[in-house]
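File shown here: query09.tsv, holding TSV, C-alpha atoms.
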chain	number	residue	atom	x	y	z
A	1	MET	CA	59.17	87.31	28.67
A	2	LEU	CA	56.83	87.75	31.64
A	3	GLU	CA	54.26	85.01	32.28
A	4	THR	CA	50.63	85.77	31.73
A	5	LYS	CA	49.91	85.10	35.40
A	6	THR	CA	52.29	87.86	36.45
A	7	LEU	CA	50.84	90.28	33.96
A	8	VAL	CA	47.25	89.39	34.86
A	9	ASN	CA	48.02	90.09	38.54
A	10	LEU	CA	49.58	93.46	37.72
A	11	THR	CA	48.17	96.15	40.00
A	12	PRO	CA	47.71	99.24	37.79
A	13	PRO	CA	48.12	101.89	40.55
A	14	ARG	CA	51.58	100.61	41.42
A	15	VAL	CA	52.98	100.81	37.91
A	16	PRO	CA	52.80	104.07	35.95
A	17	LEU	CA	51.10	103.78	32.57
A	18	VAL	CA	53.64	106.22	30.99
A	19	ASP	CA	57.35	105.71	31.18
A	20	PRO	CA	58.82	109.19	32.15
A	21	ARG	CA	62.00	108.35	30.31
A	22	THR	CA	60.35	107.72	26.92
A	23	ASN	CA	57.01	109.45	27.35
A	24	GLY	CA	55.56	106.20	25.96
A	25	ILE	CA	53.63	103.36	27.50
A	26	SER	CA	55.63	101.60	30.16
A	27	ARG	CA	57.11	98.20	29.48
A	28	GLU	CA	55.01	96.51	32.18
A	29	TRP	CA	51.75	97.91	30.83
A	30	TYR	CA	52.71	96.94	27.27
A	31	LEU	CA	53.41	93.35	28.27
A	32	PHE	CA	50.23	93.21	30.31
A	33	LEU	CA	48.05	94.50	27.50
A	34	PHE	CA	49.84	92.30	24.95
A	35	SER	CA	49.23	89.23	27.08
A	36	GLN	CA	45.53	90.14	27.39
A	37	PHE	CA	45.31	90.57	23.64
A	38	SER	CA	47.03	87.22	23.07
A	39	ARG	CA	44.67	85.49	25.49
A	40	SER	CA	41.66	87.10	23.82
A	41	LYS	CA	42.88	86.06	20.36
A	42	SER	CA	43.54	82.51	21.59
A	43	LEU	CA	40.04	82.30	23.03
A	44	THR	CA	38.59	83.69	19.78
A	45	ASP	CA	40.53	81.19	17.66
A	46	GLN	CA	39.43	78.36	19.90
A	47	THR	CA	35.83	79.53	19.71
A	48	ASN	CA	36.04	79.75	15.91
A	49	SER	CA	37.58	76.29	15.77
A	50	ASN	CA	34.81	74.88	17.94
A	51	GLN	CA	32.24	76.61	15.75
A	52	VAL	CA	33.77	75.07	12.61
A	53	ALA	CA	33.77	71.66	14.28
A	54	ILE	CA	30.12	72.11	15.25
A	55	GLU	CA	29.20	73.19	11.73
A	56	THR	CA	31.11	70.24	10.26
A	57	THR	CA	29.30	67.90	12.63
A	58	ASP	CA	25.98	69.46	11.65
A	59	LEU	CA	26.76	68.96	7.95
A	60	SER	CA	27.79	65.36	8.57
A	61	LEU	CA	24.62	64.75	10.58
A	62	GLN	CA	22.51	66.33	7.83
A	63	ALA	CA	24.21	64.13	5.21
A	64	THR	CA	23.54	61.07	7.35
A	65	GLN	CA	19.91	62.06	7.75
A	66	ASN	CA	19.58	62.61	4.00
A	67	SER	CA	21.17	59.21	3.31
A	68	LEU	CA	18.83	57.57	5.82
A	69	ALA	CA	15.82	59.27	4.25
A	70	SER	CA	16.94	58.10	0.79
A	71	THR	CA	17.42	54.55	2.07
A	72	GLN	CA	13.99	54.56	3.68
A	73	ALA	CA	12.43	55.78	0.43
A	74	THR	CA	14.20	53.01	-1.50
A	75	VAL	CA	12.99	50.38	0.96
A	76	ALA	CA	9.45	51.75	0.68
A	77	ASP	CA	9.62	51.54	-3.12
A	78	LEU	CA	10.88	47.95	-2.93
A	79	GLU	CA	8.10	47.00	-0.50
A	80	THR	CA	5.52	48.53	-2.85
A	81	ALA	CA	6.96	46.72	-5.85
A	82	LEU	CA	7.07	43.43	-3.94
A	83	ALA	CA	3.49	43.82	-2.73
A	84	SER	CA	2.24	44.42	-6.28
A	85	SER	CA	4.25	41.61	-7.86
A	86	THR	CA	3.20	37.99	-8.29
A	87	LEU	CA	5.14	35.05	-7.00
A	88	GLY	CA	5.17	33.34	-10.38
A	89	PRO	CA	6.50	34.50	-13.77
A	90	LEU	CA	4.35	36.86	-15.84
A	91	TYR	CA	3.99	34.17	-18.51
A	92	THR	CA	4.00	30.45	-17.94
A	93	PRO	CA	4.43	28.58	-21.16
A	94	GLN	CA	2.01	25.71	-21.63
A	95	LEU	CA	3.43	22.36	-22.56
A	96	PRO	CA	1.77	20.89	-25.65
A	97	ARG	CA	-0.79	18.13	-25.04
A	98	LEU	CA	-0.17	15.82	-27.96
A	99	ARG	CA	-3.29	14.00	-29.07
A	100	TYR	CA	-3.27	11.07	-31.48
A	101	GLY	CA	-4.77	7.69	-32.22
A	102	ALA	CA	-4.27	4.78	-34.63
A	103	PHE	CA	-7.10	2.29	-35.20
A	104	TYR	CA	-8.05	-0.50	-37.59
A	105	ASP	CA	-10.67	-3.17	-38.23
A	106	THR	CA	-9.99	-6.85	-38.83
A	107	THR	CA	-13.45	-7.76	-40.17
A	108	THR	CA	-14.99	-7.42	-43.62
A	109	GLN	CA	-17.65	-4.71	-43.68
A	110	THR	CA	-20.61	-5.06	-46.03
A	111	ALA	CA	-23.59	-2.94	-47.07
A	112	ALA	CA	-26.99	-4.55	-46.57
A	113	ALA	CA	-28.71	-2.17	-49.00
A	114	ILE	CA	-27.74	0.17	-51.79
A	115	ASN	CA	-27.97	3.96	-51.56
A	116	THR	CA	-27.79	3.78	-47.78
A	117	ALA	CA	-25.28	5.46	-45.50
A	118	TYR	CA	-23.13	3.17	-43.35
A	119	ALA	CA	-20.41	4.07	-40.89
A	120	MET	CA	-17.05	2.30	-41.03
A	121	THR	CA	-16.31	0.53	-37.74
A	122	PHE	CA	-13.10	-0.24	-35.82
A	123	ASN	CA	-12.37	-3.14	-33.51
A	124	ALA	CA	-8.72	-2.55	-32.63
A	125	THR	CA	-6.66	0.30	-31.22
A	126	ASP	CA	-2.98	0.46	-32.04
A	127	ILE	CA	-2.01	3.57	-30.03
A	128	SER	CA	-4.15	6.26	-28.45
A	129	GLN	CA	-3.69	9.46	-26.47
A	130	GLY	CA	-6.77	11.63	-26.10
A	131	VAL	CA	-8.34	10.15	-29.26
A	132	TYR	CA	-10.46	7.04	-28.71
A	133	ILE	CA	-13.16	4.80	-30.10
A	134	GLY	CA	-16.60	5.26	-28.58
A	135	THR	CA	-19.99	3.56	-28.82
A	136	PRO	CA	-20.88	2.55	-31.44
A	137	THR	CA	-17.37	1.65	-32.61
A	138	SER	CA	-17.70	3.85	-35.70
A	139	ARG	CA	-17.43	6.99	-33.54
A	140	VAL	CA	-13.98	8.46	-32.93
A	141	TYR	CA	-13.87	10.96	-30.06
A	142	VAL	CA	-11.32	13.61	-29.04
A	143	ASP	CA	-10.80	15.10	-25.56
A	144	THR	CA	-9.04	18.33	-26.59
A	145	ALA	CA	-10.06	21.15	-28.90
A	146	ASN	CA	-7.82	21.42	-31.94
A	147	VAL	CA	-7.66	20.94	-35.70
A	148	TYR	CA	-7.21	17.22	-36.39
A	149	ASN	CA	-5.63	15.51	-39.36
A	150	ILE	CA	-7.77	12.46	-40.18
A	151	GLN	CA	-6.15	9.94	-42.55
A	152	PHE	CA	-7.60	6.62	-43.58
A	153	SER	CA	-7.28	3.79	-46.05
A	154	ALA	CA	-10.14	1.41	-46.93
A	155	GLN	CA	-9.57	-1.86	-48.79
A	156	LEU	CA	-12.40	-1.92	-51.35
A	157	ASP	CA	-13.33	-5.11	-53.16
A	158	LYS	CA	-15.98	-6.03	-55.73
A	159	THR	CA	-17.17	-9.60	-55.37
A	160	SER	CA	-18.94	-9.97	-58.72
A	161	GLY	CA	-18.80	-8.71	-62.30
A	162	GLY	CA	-20.12	-5.44	-63.57
A	163	VAL	CA	-19.47	-1.88	-62.47
A	164	GLY	CA	-20.10	-0.45	-59.05
A	165	ILE	CA	-19.58	2.88	-57.29
A	166	VAL	CA	-18.75	3.58	-53.65
A	167	TRP	CA	-18.98	6.99	-52.02
A	168	ILE	CA	-16.98	7.92	-48.93
A	169	TRP	CA	-17.38	11.07	-46.81
A	170	LEU	CA	-16.94	12.54	-43.35
A	171	ARG	CA	-19.60	13.03	-40.69
A	172	LYS	CA	-19.12	15.11	-37.51
A	173	ASN	CA	-21.37	14.77	-34.45
A	174	GLY	CA	-24.00	13.02	-36.60
A	175	THR	CA	-24.01	15.66	-39.37
A	176	ASN	CA	-22.42	15.26	-42.80
A	177	VAL	CA	-19.45	17.55	-43.39
A	178	ALA	CA	-20.20	19.62	-46.49
A	179	ASN	CA	-18.12	18.91	-49.62
A	180	SER	CA	-16.29	15.99	-48.01
A	181	ALA	CA	-17.49	13.11	-50.27
A	182	SER	CA	-15.52	11.27	-52.96
A	183	GLN	CA	-16.47	8.36	-55.22
A	184	VAL	CA	-14.56	5.35	-56.44
A	185	ARG	CA	-15.64	3.19	-59.39
A	186	LEU	CA	-14.85	-0.55	-59.39
A	187	GLN	CA	-15.31	-2.80	-62.39
A	188	GLY	CA	-15.16	-6.59	-62.63
A	189	ASN	CA	-15.05	-9.49	-60.26
A	190	ASP	CA	-12.41	-9.22	-57.49
A	191	ALA	CA	-11.57	-5.68	-58.53
A	192	GLU	CA	-9.71	-4.26	-55.54
A	193	GLN	CA	-8.81	-0.66	-54.88
A	194	ILE	CA	-7.55	1.30	-51.92
A	195	ALA	CA	-9.48	4.46	-51.04
A	196	ALA	CA	-7.06	6.64	-49.08
A	197	TRP	CA	-7.06	10.36	-48.37
A	198	ASN	CA	-7.25	12.75	-45.43
A	199	PHE	CA	-9.38	15.48	-43.89
A	200	LEU	CA	-8.58	18.46	-41.68
A	201	LEU	CA	-11.34	18.86	-39.13
A	202	PRO	CA	-11.65	21.41	-36.29
A	203	MET	CA	-13.08	19.71	-33.22
A	204	ASN	CA	-13.93	20.60	-29.63
A	205	ALA	CA	-13.41	18.40	-26.61
A	206	GLY	CA	-16.06	15.68	-26.62
A	207	ASP	CA	-16.75	15.90	-30.37
A	208	TYR	CA	-16.69	12.78	-32.53
A	209	PHE	CA	-16.49	12.00	-36.24
A	210	GLU	CA	-17.31	9.02	-38.46
A	211	LEU	CA	-16.17	7.79	-41.87
A	212	MET	CA	-19.31	7.09	-43.92
A	213	TRP	CA	-19.76	4.99	-47.07
A	214	GLU	CA	-22.49	4.19	-49.56
A	215	VAL	CA	-22.68	1.82	-52.58
A	216	ASP	CA	-24.88	1.40	-55.59
A	217	THR	CA	-24.41	-2.38	-55.50
A	218	THR	CA	-24.10	-4.72	-52.54
A	219	SER	CA	-21.30	-6.56	-54.34
A	220	ILE	CA	-18.90	-3.87	-53.10
A	221	GLU	CA	-17.51	-4.41	-49.63
A	222	ILE	CA	-14.66	-3.25	-47.45
A	223	THR	CA	-12.65	-6.41	-47.14
A	224	ALA	CA	-10.14	-7.74	-44.60
A	225	PHE	CA	-7.56	-10.28	-45.77
A	226	ALA	CA	-5.66	-12.71	-43.60
A	227	ALA	CA	-1.89	-12.62	-43.23
A	228	SER	CA	0.30	-14.90	-45.31
A	229	ALA	CA	3.69	-16.39	-44.61
A	230	VAL	CA	5.19	-13.29	-46.24
A	231	HIS	CA	3.01	-10.27	-45.49
A	232	PRO	CA	0.91	-9.21	-42.49
A	233	ALA	CA	-2.88	-9.13	-42.48
A	234	VAL	CA	-4.79	-6.51	-44.44
A	235	PRO	CA	-7.30	-4.62	-42.22
A	236	SER	CA	-10.51	-3.55	-43.90
A	237	VAL	CA	-9.95	0.02	-42.63
A	238	ILE	CA	-6.90	1.75	-41.17
A	239	LEU	CA	-7.34	5.15	-39.46
A	240	THR	CA	-4.85	7.57	-37.93
A	241	VAL	CA	-5.76	10.82	-36.19
A	242	THR	CA	-3.29	13.51	-35.02
A	243	ASP	CA	-3.52	17.08	-33.74
A	244	ASN	CA	-0.24	18.15	-35.33
A	245	ILE	CA	-1.92	21.26	-36.73
A	246	SER	CA	-2.48	24.14	-34.31
A	247	ALA	CA	-6.05	25.25	-33.75

Since I need it in another form, could you write the structure as structure tokens?
Amino acid sequence: MLETKTLVNLTPPRVPLVDPRTNGISREWYLFLFSQFSRSKSLTDQTNSNQVAIETTDLSLQATQNSLASTQATVADLETALASSTLGPLYTPQLPRLRYGAFYDTTTQTAAAINTAYAMTFNATDISQGVYIGTPTSRVYVDTANVYNIQFSAQLDKTSGGVGIVWIWLRKNGTNVANSASQVRLQGNDAEQIAAWNFLLPMNAGDYFELMWEVDTTSIEITAFAASAVHPAVPSVILTVTDNISA
């Protein structure tokens, strides 16, 4: 087969286009034209291949650009979310502030006159957290708003014969609490009874309450007894206050 170089350098006037023996195109012209066709097809194929490569590169570049744009949008969304968020949790649970107090009085409390309101007093604190004795010592203060459970026991004693009545009620910030009074009847000399019950009282920080009492005879007192070799002393009044009920 003739090389393309030889065919390309073929000088047409020197070689007849028609072979006189066959009346067809001469062999030299056929090979020349065939070589030109082959070169043209090769160049076309190469051009098409380059075009496909360019198009593939364009598609790859477009996909990369799309991916970059998507990534940038995601980053922007994250930056927006971060800017609008808080550093702390949405809800911070509050630890409970337990408030309580236990108090008592070691002295005998008496009424100087009948039908007169007196406040029970306290001279000792057993435990206290946010509940404390103020001035005068009948006032019990709280430092946190809540509903408080107020429980007490008073050692009542009648020092002479006959019948006597004692009333006990609750007073808040100097005002009697409505429907909080109870009465206890004592009869006979050295008649002792324990008055013990509880109140539920809503209070704000800085509020105080008092346990009030009244008698119809001065022979009734709230008595303290000394300890013996067997049992401990008997306080005249024992008081406990807790905020174990949610406000």

6 Å contact set for stretch 111-128 of chain A, all atoms listed in the file, chain neighbours under 5 positions out, as a VMD selection string = chain A and resid 100 to 105 137 to 138 211 to 218

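Here atom CA of A:Ser180 is placed at a distance of 20.2 Å from atom CA of A:Gly164.
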
inquiry  = Could you list, as a list in words, every residue within 7 Å of stretch 187-204 of chain A, counting all atoms listed in the file and ignoring same-chain residues fewer than 6 positions away?
reply    =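 Within the cut-off, the hits are Thr144, Ala145, Asn146, Val147, Tyr148, Asn149, Ile150, Gln151, Phe152, Ser153, Ala154, Gln155, Leu156, Asp157, Lys158, Thr159, Ser160, Gly161, Gly162, Val163 and Gly164 of chain A.
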
Emit as lines of an AutoDock Vina configuration file the padded axis-aligned box for all listed atoms of stretch 125-141 of chain A, 6 Å per side, with centre and edge lengths in Å to one decimal.
center_x = -11.4
center_y = 6.0
center_z = -30.9
size_x = 30.9
size_y = 23.3
size_z = 21.6

request  = Give me, please, the distance in Å between atom CA of A:Gly174 and atom CA of A:Asp143, quoted to one decimal.
outcome  = 17.3 Å

note = Computed gap from atom CA of A:Arg185 to atom CA of A:Thr110 is 16.5 Å

Residue rebuild result stretch 216-235 of chain A, N, CA and C atoms as a compact mmCIF listing (two decimals), keeping the file's coordinate frame:
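Written file, result_12.txt:
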# COMPACT_ATOMS: atom_id res chain seq x y z
N ASP A 216 -23.72 1.57 -54.72
CA ASP A 216 -24.88 1.40 -55.59
C ASP A 216 -25.08 -0.06 -55.95
N THR A 217 -24.25 -0.94 -55.35
CA THR A 217 -24.41 -2.38 -55.50
C THR A 217 -23.85 -3.05 -54.25
N THR A 218 -24.56 -4.04 -53.76
CA THR A 218 -24.10 -4.72 -52.54
C THR A 218 -22.93 -5.66 -52.80
N SER A 219 -22.47 -5.73 -54.03
CA SER A 219 -21.30 -6.56 -54.34
C SER A 219 -19.99 -5.83 -53.99
N ILE A 220 -20.09 -4.60 -53.56
CA ILE A 220 -18.90 -3.87 -53.10
C ILE A 220 -18.84 -3.95 -51.58
N GLU A 221 -17.71 -4.32 -51.08
CA GLU A 221 -17.51 -4.41 -49.63
C GLU A 221 -16.14 -3.87 -49.26
N ILE A 222 -15.97 -3.66 -47.97
CA ILE A 222 -14.66 -3.25 -47.45
C ILE A 222 -14.08 -4.49 -46.79
N THR A 223 -13.07 -5.05 -47.44
CA THR A 223 -12.65 -6.41 -47.14
C THR A 223 -11.39 -6.45 -46.29
N ALA A 224 -11.35 -7.42 -45.37
CA ALA A 224 -10.14 -7.74 -44.60
C ALA A 224 -9.56 -9.04 -45.13
N PHE A 225 -8.24 -9.07 -45.29
CA PHE A 225 -7.56 -10.28 -45.77
C PHE A 225 -6.61 -10.78 -44.70
N ALA A 226 -6.53 -12.09 -44.60
CA ALA A 226 -5.66 -12.71 -43.60
C ALA A 226 -4.19 -12.54 -43.98
N ALA A 227 -3.34 -12.69 -43.00
CA ALA A 227 -1.89 -12.62 -43.23
C ALA A 227 -1.42 -13.87 -43.95
N SER A 228 -0.33 -13.74 -44.66
CA SER A 228 0.30 -14.90 -45.31
C SER A 228 1.64 -15.17 -44.63
N ALA A 229 2.37 -16.11 -45.17
CA ALA A 229 3.69 -16.39 -44.61
C ALA A 229 4.66 -15.24 -44.90
N VAL A 230 4.29 -14.38 -45.83
CA VAL A 230 5.19 -13.29 -46.24
C VAL A 230 4.74 -11.95 -45.70
N HIS A 231 3.47 -11.61 -45.87
CA HIS A 231 3.01 -10.27 -45.49
C HIS A 231 2.01 -10.34 -44.33
N PRO A 232 1.87 -9.23 -43.60
CA PRO A 232 0.91 -9.21 -42.49
C PRO A 232 -0.51 -9.13 -43.02
N ALA A 233 -1.46 -9.19 -42.11
CA ALA A 233 -2.88 -9.13 -42.48
C ALA A 233 -3.23 -7.77 -43.05
N VAL A 234 -4.29 -7.74 -43.84
CA VAL A 234 -4.79 -6.51 -44.44
C VAL A 234 -6.08 -6.13 -43.71
N PRO A 235 -6.05 -5.07 -42.87
CA PRO A 235 -7.30 -4.62 -42.22
C PRO A 235 -8.25 -4.06 -43.27
